[in-house]
Structures are given as structure tokens and as C-alpha cells.
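Undergrad: Before we start, here is the structure in question, set down as C-alpha cells.
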Amino acid sequence: MFLLYFCFASKAQTVRTPISSAYTTIGAYSKSFSNALSFTANQASLASISTFSAGLLAEKRFLVNELSFYQAGVALPVNSGVFGFSGSYFGSHYNNEIVAGLAYGRNLGSKLSIGAQFNYYTINVAGYGSSGTVNVEAGALLHLTENFKAGLHVYNPTGSKFFKQEDEKLPAIYSMGFGYETSEIFFLMAQIQKVQDRDINVSGAMQYKFDPHLFARAGFASATSSYFLGIGILLKHFRLDATASVHPQLGFTPGIMMLYQQKEK
């Protein structure tokens with residue numbers, strides 16, 4: 001039973017990636033929209049966060065309570081760079097996955113940003129115990145122009161193994177992406193991702209800002225033939241997003257995201 005659950009979790013990367021993963025990934029390749037959740041897609045994006053930021057994301061996957069997903073993030077700028085703290089929870093009381101991460105990102109000059117993160121990943125199955133492992137991920141962003149960014153990211157390149165399951169390990173994940181802000185109101189993002197032993201996934205998203213307080217987002221993921229829509233409201237230091245993701249076979253996933261961004265001094 002434990003191995004069966006582990007196989008599902010590791011292959012799907014459920015706890016690490018929301019269904020609407022491109023929704024939080026958007027900010028990682030943006031000059032203006034990085035936040036306390038987007039750095040989980042590329043830790044180098046932490047370098048563009050200049051004030052304290054915190055965020056929460058919740059999804060009820062396919063409207064099933066036992067497949068609920070929660071993610072939290074905090075970005076804390078210091079003199080030498082920006083620290084990030086993230087946590088994820090997927091599942092229920094009986095079967096769940098938990099990840100806690102500590103990240104750091106900084107600029108290396110005006111054209112390059114780098115970042116890295118250490119994670120502790122645990123799986124718990126009622127009646128069968130739990131198992132955990134430590135892994136690392138890292139990213140880099142190249143600022144090609146004022147409005148165009150390209151980046152690379154690698155997750156778990158060493159193939160970390162679970163302590164109680166020596167023959168089981170998390171897959172390595174490699175990705176590259178770019179973001180282009182055509183104007184202050186329109187942004188495009190695309191990403192290519194390769195998960196070990198799985199087909200290449202191409203995802204993309206766009207954002208359009210109707211006015212200073214209202215914007216919309218849309219995106220897709222080729223590996224699952226799924227897509228998402230979202231709308232966000234900006235109110236001073238706070239932002240509230242509602243998302244809706246659709247999988248062709250598994251159905252509908254509603255989500256909500258809340259962000260806080262401290263005012264610039």
C-alpha cells in the first residue's frame with residue numbers, strides 16, 4: 001500500500017506542483033509580478049522581490065476532499081539577497097504529502113539572478129508509517145532586456161531516496177522558460193519541463209490587466225491537456241485570485257490564492 005501511494009505521488013509530483021501550476025509560475029519570469037509563491041518555480045525570481053511578501057494557495061482537486069492541496073510562501077529581503085520559506089500539503093489525514101523548503105536568491109549584476117532551495121519531503125500513510133527525504137533545487141534567470149527574461153531550473157538532480165524505501169526516489173525535473181512583458185498591462189510566459197521517465201510538458205500563460213485593480217490570467221499544460229482561467233483583484237497591499245482548472249477526463253478544480261505585499265519604503 002505504501003509503495004503504491006508513493007508511486008502515485010512521485011510520478012505525479014502532486015505536492016510540489018498545483019494543478020494550475022502555470023498560474024504560480026507566471027511570476028517567476030516576470031519583472032513586475034514576482035511574489036511569495038512564484039519563487040517555488042524558480043528561486044532566482046526571489047531577487048526581484050524588494051519588500052516582505054506572503055502568500056497562500058488552496059485547491060480542491062477535481063472536487064475531491066481527499067485531494068486537497070495547500071501551499072504557503074514567504075519572501076524576506078535582506079541586505080545580501082532575499083530568503084524564501086515555502087510549505088505544501090497534499091491529501092488528507094489518512095494519506096498525505098508534506099514539503100517544507102528554505103530558499104535564497106540574489107542578483108549577480110544587472111543581467112543575472114540565481115537562487116537555490118533545500119526541501120524536506122515526507123509521505124505519510126495511515127497504518128503504514130511515514131518516510132522522508134531531503135532534496136535540493138536551483139534556478140537562474142537571465143535578464144535579456146528590460147522586459148524579457150529567460151530562465152533554467154532543476155529540481156532534485158541527485159535523485160534523493162526515501163529513508164525507509166531505499167529503492168524509491170523522487171524524480172529529477174528540468175525546466176526552461178521565458179517571460180515577456182509587452183506592456184504594463186500584458187504579459188506572456190512559456191515553459192518546457194522534463195520530468196524523469198515522463199514525456200515533455202509544455203505550458204504557457206498570459207496575463208491582461210484591465211485596470212489598476214483588476215486582471216485576468218489564462219494558461220495550459222500539454223502533458224495533461226488541461227487549462228486554467230483566473231481573475232485577480234488588487235486592493236492596496238493585498239491581492240485575491242480565484243482560479244478554475246479543467247482536466248479533460250478528471251474534471252474541474254477550483255482554487256483560491258491570497259497575497260500580501262508590503263509597501264515600498
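Every chain in the C-alpha cells has a letter given in the order shown (A, B, ...), and although residue numbers restart at 1 in each chain, ligands are simply numbered from 1 in the order shown.
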So which residues touch A:Gly91 within 8 Å, counting only C-alpha atoms, skipping near sequence neighbours fewer than 4 positions away, as a PyMOL selection string?

TA: chain A and resi 66-69+95-97

Undergrad: Atoms to include: C-alpha atoms. Write the selected residues as a tab-separated table (two decimals), in the first residue's frame.

TA:
chain	number	residue	atom	x	y	z
A	66	GLU	CA	-9.06	13.83	-0.10
A	67	LEU	CA	-7.15	15.51	-2.95
A	68	SER	CA	-6.96	18.96	-1.39
A	69	PHE	CA	-3.76	20.93	-1.94
A	95	ASN	CA	-2.68	9.82	3.17
A	96	ASN	CA	-0.69	13.00	2.73
A	97	GLU	CA	2.49	14.58	1.46

Undergrad: Can you pull out every residue from stretch 8-104 of chain A that DSSP, working from the backbone, puts in strand (DSSP E or B), and format the result as a ChimeraX atom specification?

TA: /A:53-60,68-78,81-91,95-104

Undergrad: Please write the residues from the selection above to a file, keeping C-alpha atoms, as an mmCIF file, in the first residue's frame.

TA:
data_model
loop_
_atom_site.group_PDB
_atom_site.id
_atom_site.type_symbol
_atom_site.label_atom_id
_atom_site.label_comp_id
_atom_site.auth_asym_id
_atom_site.auth_seq_id
_atom_site.Cartn_x
_atom_site.Cartn_y
_atom_site.Cartn_z
ATOM 1 C CA SER A 53 5.672 39.238 0.764
ATOM 2 C CA ALA A 54 3.473 36.334 1.867
ATOM 3 C CA GLY A 55 1.008 34.118 0.040
ATOM 4 C CA LEU A 56 -1.427 31.214 0.340
ATOM 5 C CA LEU A 57 -2.834 28.921 -2.351
ATOM 6 C CA ALA A 58 -5.587 26.315 -1.926
ATOM 7 C CA GLU A 59 -7.056 23.845 -4.435
ATOM 8 C CA LYS A 60 -9.762 21.217 -4.168
ATOM 9 C CA SER A 68 -6.960 18.961 -1.394
ATOM 10 C CA PHE A 69 -3.756 20.928 -1.936
ATOM 11 C CA TYR A 70 -2.400 23.839 0.119
ATOM 12 C CA GLN A 71 0.726 25.916 -0.446
ATOM 13 C CA ALA A 72 2.232 28.814 1.526
ATOM 14 C CA GLY A 73 5.201 31.040 0.857
ATOM 15 C CA VAL A 74 7.073 33.939 2.432
ATOM 16 C CA ALA A 75 9.738 36.174 0.882
ATOM 17 C CA LEU A 76 12.000 38.181 3.202
ATOM 18 C CA PRO A 77 14.526 40.627 1.657
ATOM 19 C CA VAL A 78 17.823 41.190 3.489
ATOM 20 C CA GLY A 81 19.591 38.996 -1.113
ATOM 21 C CA VAL A 82 16.141 37.520 -0.412
ATOM 22 C CA PHE A 83 15.207 34.498 1.709
ATOM 23 C CA GLY A 84 12.161 32.412 0.883
ATOM 24 C CA PHE A 85 10.196 29.951 3.009
ATOM 25 C CA SER A 86 7.656 27.594 1.471
ATOM 26 C CA GLY A 87 5.403 24.770 2.593
ATOM 27 C CA SER A 88 2.980 22.417 0.844
ATOM 28 C CA TYR A 89 0.384 19.917 1.983
ATOM 29 C CA PHE A 90 -1.498 17.463 -0.229
ATOM 30 C CA GLY A 91 -4.012 14.784 0.689
ATOM 31 C CA ASN A 95 -2.680 9.816 3.170
ATOM 32 C CA ASN A 96 -0.693 12.999 2.731
ATOM 33 C CA GLU A 97 2.493 14.583 1.459
ATOM 34 C CA ILE A 98 4.213 17.499 3.196
ATOM 35 C CA VAL A 99 7.092 19.625 1.934
ATOM 36 C CA ALA A 100 8.946 22.372 3.805
ATOM 37 C CA GLY A 101 11.574 24.449 1.991
ATOM 38 C CA LEU A 102 14.148 27.163 2.658
ATOM 39 C CA ALA A 103 15.303 29.227 -0.347
ATOM 40 C CA TYR A 104 17.676 32.073 -1.120
#

Undergrad: Have a look at atom CA of A:Leu229 and atom CA of A:Arg217 and let me know their distance in Å, one decimal.

TA: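 Answer for the atom CA of A:Leu229 to atom CA of A:Arg217 separation: 5.8 Å.
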
Undergrad: For A:Glu168, which residue among A:Gly132, A:Gly251, A:Leu144, A:Phe186 is the nearest when counting only C-alpha atoms?

TA: A:Gly132

Undergrad: For A:Pro254, work out the shell of residues within 8 Å, counting only C-alpha atoms and skipping chain neighbours fewer than 3 positions away, then give it as a list in words.

TA: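 Contacts, in chain order: Glu59, Lys60, Arg61, Phe62, Leu63, Ala242, Thr243, Ala244 and Ser245 of chain A.
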
Undergrad: My list of candidates is A:Gly232, A:Gly115, A:Gly151, A:Gly204. Which is closest to A:Ala216 when distances are computed with only C-alpha atoms?

TA: A:Gly232

Undergrad: Using only C-alpha atoms, pick whichever of A:Ser203, A:Ser92, A:Gln261, A:Ser32 has the shortest atom-to-atom distance to A:Asn65.

TA: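 Among A:Ser203, A:Ser92, A:Gln261, A:Ser32, it is A:Ser92 that comes nearest to A:Asn65.
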
Undergrad: Work out how far atom CA of A:Gly139 is from atom CA of A:Phe33, in Å to one decimal.

TA: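 Taking atom CA of A:Phe33 and atom CA of A:Gly139, their separation equals 17.4 Å.
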
Undergrad: Would you kindly return, as a PyMOL selection string, each protein, DNA or RNA residue with an atom no farther than 10 Å from any atom of stretch 190-193 of chain A, considering only C-alpha atoms and excluding same-chain residues fewer than 6 positions away?

TA: chain A and resi 22+25-26+29+150-154+173-180+199-206+219-223
